[in-house]
Amino acid sequence: MKNGEHNMPVPRHIAIIMDGNGRWAKKRGLPRTAGHAAGAEAFRRTANYCRSLGVEYLTVYAFSTENWKRSQEEVSGIMKLLGKYLQEALADMEKNHVRFKFFGDLSRLSPELQKLCMEAEKTSSAYHDVQVNFCLNYGGRDEIVKAAQQAAMDVQKGMIQPQDITEVLFSNYLYSKDVPDPELIIRPSGEMRTSNFLLWQSAYSEFVFMDVLWPDFQPEHLDEAIREYGRRNRRFGGV
Ligand code: IPE
Ligand code: IPE
Ligand code: MG
């Protein structure tokens, strides 16, 4: 779609690896958790801006299956911030009109956090300004393995035959069922890797890597990434 004010084609689905919080904090002599708090603000800003641009889906990587390796102090700080964010999001639901979905294995989160996630999904299910897919304890490999297990169980139950498992059918076992693949994936912080994000869904995504640290990410950075996306020649294997 075209956005009148910005006059650039805006992707339907943008995904962001929200990286660089720790380095942002370190530069300021602050604890890493302060970086995560600033990162939560950057997320709020970016989600609002995406909504104003008419982006339909925003998928954000908030906590990976590998992030449990961090110190207990940092992990519990992140979990606390997530709880606080979700509580505030629930209170602002009627104002923001964001539909929340959670991608990831939530069973490893605290029961309180799981409850907040469930509540946020339920309360926001009718909103349709923008859908935010929040990736929590998410790993692309874990998602694919869990999908394979589910498909195998359905074969075992006789609901499907092995040869029924096509790319389309398999996609329906992923967290992202019903969501189109992201056209654009942005990774701030200067790292140029996927770190296990949307492995299946990113087959033909355009990647934009940026040096800005996530807490410093502004609407102008999103504009810049969208402009870069607009310059790409997407061939999907054709000519
Ligand atoms: C991203 O920022 C947030 C999470 C992974 C939870 P980091 O915490 O990875 O920040 P850097 O990469 O260390 O700067
Ligand atoms: C990816 O960032 C995960 C999130 C942003 C949630 P990491 O900081 O964990 O990735 P690596 O360790 O640099 O690959
Ligand atoms: Mg990082």
# chains A, B, ... in the order shown; residues from 1 in each chain; ligands from 1
call {"tool": "residues_near_ligand", "arguments": {"ligand": "ligand 3", "cutoff": "8 Å", "atoms": "only C-alpha atoms and all ligand atoms", "output": "PyMOL selection string"}}
result
chain A and resi 19-22+189
call {"tool": "write_last_selection", "arguments": {"atoms": "N, CA, C and O atoms", "output": "compact mmCIF listing (two decimals), in the first residue's frame"}}
result
# COMPACT_ATOMS: atom_id res chain seq x y z
N ASP A 19 17.18 -4.99 19.18
CA ASP A 19 18.48 -5.31 19.77
C ASP A 19 19.30 -4.05 20.07
O ASP A 19 19.18 -3.03 19.38
N GLY A 20 20.12 -4.14 21.10
CA GLY A 20 21.06 -3.06 21.42
C GLY A 20 20.77 -2.38 22.75
O GLY A 20 21.41 -1.38 23.10
N ASN A 21 19.84 -2.92 23.51
CA ASN A 21 19.47 -2.31 24.80
C ASN A 21 20.64 -2.28 25.78
O ASN A 21 20.87 -1.29 26.47
N GLY A 22 21.37 -3.40 25.83
CA GLY A 22 22.48 -3.52 26.78
C GLY A 22 23.57 -2.52 26.47
O GLY A 22 24.10 -1.84 27.37
N SER A 189 21.17 -2.05 15.90
CA SER A 189 22.30 -2.38 16.77
C SER A 189 23.55 -2.81 16.03
O SER A 189 24.59 -3.05 16.65
call {"tool": "residues_around", "arguments": {"residues": "A:Pro31", "least_positions_apart": "6", "cutoff": "10 Å", "atoms": "only C-alpha atoms", "output": "JSON, numbers by chain"}}
result
{"A": [22, 23, 24, 25, 74]}
call {"tool": "closest_residue", "arguments": {"among": "A:Arg45, A:Arg70, A:Arg187, A:His13", "to": "A:Ala225", "atoms": "only C-alpha atoms"}}
result
A:Arg187
call {"tool": "select_by_dssp", "arguments": {"residues": "stretch 64-207 of chain A", "states": "alpha helix (DSSP H)", "output": "MDAnalysis selection string"}}
result
chainID A and resid 72:91 93:96 111:124 140:156 167:171
call {"tool": "closest_residue", "arguments": {"among": "A:Val179, A:Leu169, A:Met192, A:Val132", "to": "ligand 2", "atoms": "only C-alpha atoms and all ligand atoms"}}
result
A:Met192
call {"tool": "atom_distance", "arguments": {"atom1": "atom CA of A:Met210", "atom2": "atom CA of A:Gly238"}}
result
27.8 Å
call {"tool": "residues_near_ligand", "arguments": {"ligand": "ligand 2", "cutoff": "12 Å", "atoms": "only C-alpha atoms and all ligand atoms", "output": "PyMOL selection string"}}
result
chain A and resi 15-23+32+36+39-40+43+59-70+75+78+104+134-140+186-198+213-215
call {"tool": "residues_around", "arguments": {"residues": "stretch 85-98 of chain A", "least_positions_apart": "5", "cutoff": "9 Å", "atoms": "only C-alpha atoms", "output": "PDB file with N, CA and C atoms, in the first residue's frame"}}
result
ATOM      1  N   ALA A  40      11.645  -0.615  25.881  1.00  0.00           N
ATOM      2  CA  ALA A  40      10.178  -0.725  25.935  1.00  0.00           C
ATOM      3  C   ALA A  40       9.539   0.570  25.415  1.00  0.00           C
ATOM      4  N   ALA A  47       5.431   1.140  17.654  1.00  0.00           N
ATOM      5  CA  ALA A  47       4.113   0.542  17.408  1.00  0.00           C
ATOM      6  C   ALA A  47       3.101   1.640  17.045  1.00  0.00           C
ATOM      7  N   ASN A  48       3.147   2.755  17.748  1.00  0.00           N
ATOM      8  CA  ASN A  48       2.234   3.871  17.433  1.00  0.00           C
ATOM      9  C   ASN A  48       2.483   4.389  16.028  1.00  0.00           C
ATOM     10  N   ARG A  51       1.170   2.053  13.426  1.00  0.00           N
ATOM     11  CA  ARG A  51      -0.293   2.170  13.337  1.00  0.00           C
ATOM     12  C   ARG A  51      -0.654   3.376  12.475  1.00  0.00           C
ATOM     13  N   LYS A  80      10.046  -8.633  34.584  1.00  0.00           N
ATOM     14  CA  LYS A  80       9.311  -7.621  35.353  1.00  0.00           C
ATOM     15  C   LYS A  80       8.829  -6.496  34.436  1.00  0.00           C
ATOM     16  N   LEU A 113       2.679 -13.866  34.303  1.00  0.00           N
ATOM     17  CA  LEU A 113       2.966 -13.314  32.974  1.00  0.00           C
ATOM     18  C   LEU A 113       2.128 -14.030  31.903  1.00  0.00           C
ATOM     19  N   LEU A 116      -1.288 -12.588  31.960  1.00  0.00           N
ATOM     20  CA  LEU A 116      -1.336 -11.260  31.324  1.00  0.00           C
ATOM     21  C   LEU A 116      -1.337 -11.386  29.795  1.00  0.00           C
ATOM     22  N   CYS A 117      -0.531 -12.313  29.288  1.00  0.00           N
ATOM     23  CA  CYS A 117      -0.482 -12.525  27.831  1.00  0.00           C
ATOM     24  C   CYS A 117      -1.849 -12.980  27.320  1.00  0.00           C
ATOM     25  N   GLU A 119      -4.735 -12.584  28.730  1.00  0.00           N
ATOM     26  CA  GLU A 119      -5.710 -11.497  28.882  1.00  0.00           C
ATOM     27  C   GLU A 119      -5.557 -10.472  27.760  1.00  0.00           C
ATOM     28  N   ALA A 120      -4.305 -10.135  27.466  1.00  0.00           N
ATOM     29  CA  ALA A 120      -4.061  -9.142  26.413  1.00  0.00           C
ATOM     30  C   ALA A 120      -4.573  -9.654  25.065  1.00  0.00           C
ATOM     31  N   THR A 123      -8.614  -9.649  25.338  1.00  0.00           N
ATOM     32  CA  THR A 123      -9.240  -8.321  25.381  1.00  0.00           C
ATOM     33  C   THR A 123      -9.058  -7.554  24.081  1.00  0.00           C
ATOM     34  N   SER A 124      -7.963  -7.841  23.366  1.00  0.00           N
ATOM     35  CA  SER A 124      -7.671  -7.028  22.177  1.00  0.00           C
ATOM     36  C   SER A 124      -8.107  -7.702  20.885  1.00  0.00           C
ATOM     37  N   SER A 125      -8.727  -8.883  20.989  1.00  0.00           N
ATOM     38  CA  SER A 125      -8.937  -9.693  19.775  1.00  0.00           C
ATOM     39  C   SER A 125      -9.804  -9.005  18.721  1.00  0.00           C
ATOM     40  N   ALA A 126     -10.651  -8.066  19.118  1.00  0.00           N
ATOM     41  CA  ALA A 126     -11.544  -7.439  18.132  1.00  0.00           C
ATOM     42  C   ALA A 126     -10.930  -6.195  17.488  1.00  0.00           C
ATOM     43  N   TYR A 127      -9.814  -5.720  18.011  1.00  0.00           N
ATOM     44  CA  TYR A 127      -9.208  -4.512  17.426  1.00  0.00           C
ATOM     45  C   TYR A 127      -8.523  -4.848  16.118  1.00  0.00           C
ATOM     46  N   HIS A 128      -8.504  -3.877  15.210  1.00  0.00           N
ATOM     47  CA  HIS A 128      -7.868  -4.203  13.930  1.00  0.00           C
ATOM     48  C   HIS A 128      -7.055  -3.056  13.339  1.00  0.00           C
ATOM     49  N   ASP A 129      -6.595  -2.125  14.183  1.00  0.00           N
ATOM     50  CA  ASP A 129      -5.734  -1.056  13.642  1.00  0.00           C
ATOM     51  C   ASP A 129      -4.394  -1.646  13.218  1.00  0.00           C
ATOM     52  N   VAL A 130      -3.759  -2.334  14.145  1.00  0.00           N
ATOM     53  CA  VAL A 130      -2.510  -3.020  13.832  1.00  0.00           C
ATOM     54  C   VAL A 130      -2.430  -4.253  14.739  1.00  0.00           C
ATOM     55  N   GLN A 131      -1.897  -5.352  14.204  1.00  0.00           N
ATOM     56  CA  GLN A 131      -1.692  -6.540  15.038  1.00  0.00           C
ATOM     57  C   GLN A 131      -0.220  -6.612  15.442  1.00  0.00           C
ATOM     58  N   VAL A 132       0.028  -6.625  16.734  1.00  0.00           N
ATOM     59  CA  VAL A 132       1.398  -6.763  17.229  1.00  0.00           C
ATOM     60  C   VAL A 132       1.617  -8.219  17.632  1.00  0.00           C
TER      61      VAL A 132
END
call {"tool": "atom_distance", "arguments": {"atom1": "atom CA of A:Ala147", "atom2": "atom CA of A:Ser171"}}
result
8.2 Å
call {"tool": "select_by_dssp", "arguments": {"residues": "stretch 96-197 of chain A", "states": "strand (DSSP E)", "output": "list in words"}}
result
Val98, Arg99, Phe100, Lys101, Phe102, Phe103, Val130, Gln131, Val132, Asn133, Phe134, Cys135, Leu136, Asn137, Tyr138, Leu184, Ile185, Ile186 and Arg187 of chain A
call {"tool": "atom_distance", "arguments": {"atom1": "atom CA of A:Asp181", "atom2": "atom CA of A:Ile165"}}
result
19.0 Å
call {"tool": "closest_residue", "arguments": {"among": "A:Asp223, A:Asp211, A:Glu41, A:Glu143", "to": "A:Pro11", "atoms": "only C-alpha atoms"}}
result
A:Asp223
call {"tool": "residues_around", "arguments": {"residues": "A:Arg234", "least_positions_apart": "2", "cutoff": "10 Å", "atoms": "only C-alpha atoms", "output": "compact mmCIF listing (two decimals) with N, CA and C atoms, in the first residue's frame"}}
result
# COMPACT_ATOMS: atom_id res chain seq x y z
N GLU A 183 7.33 -8.65 4.89
CA GLU A 183 8.05 -8.18 3.70
C GLU A 183 9.40 -7.61 4.12
N TYR A 204 11.68 -15.00 2.04
CA TYR A 204 11.81 -13.94 1.03
C TYR A 204 11.65 -12.54 1.60
N SER A 205 11.94 -12.40 2.90
CA SER A 205 11.86 -11.07 3.50
C SER A 205 13.06 -10.24 3.07
N GLU A 206 12.88 -8.93 3.03
CA GLU A 206 14.00 -8.02 2.81
C GLU A 206 14.55 -7.63 4.18
N TYR A 229 13.70 -0.47 1.77
CA TYR A 229 12.87 -1.58 1.30
C TYR A 229 12.28 -1.26 -0.08
N GLY A 230 11.84 -0.01 -0.25
CA GLY A 230 11.24 0.42 -1.51
C GLY A 230 12.22 0.38 -2.68
N ARG A 231 13.52 0.44 -2.37
CA ARG A 231 14.54 0.41 -3.43
C ARG A 231 14.92 -1.01 -3.83
N ARG A 232 14.48 -2.00 -3.05
CA ARG A 232 14.88 -3.39 -3.34
C ARG A 232 14.09 -3.95 -4.52
N PHE A 236 11.76 -13.06 -5.97
CA PHE A 236 11.18 -14.33 -5.53
C PHE A 236 11.63 -15.51 -6.40
N GLY A 237 12.85 -15.46 -6.84
CA GLY A 237 13.38 -16.55 -7.65
C GLY A 237 13.09 -16.41 -9.13
N GLY A 238 12.30 -15.42 -9.50
CA GLY A 238 12.01 -15.20 -10.92
C GLY A 238 13.08 -14.30 -11.53
N VAL A 239 12.75 -13.65 -12.61
CA VAL A 239 13.75 -12.74 -13.22
C VAL A 239 13.22 -11.33 -13.29
call {"tool": "closest_residue", "arguments": {"among": "A:Lys122, A:Leu58, A:Lys101, A:Val208", "to": "A:His221", "atoms": "only C-alpha atoms"}}
result
A:Val208
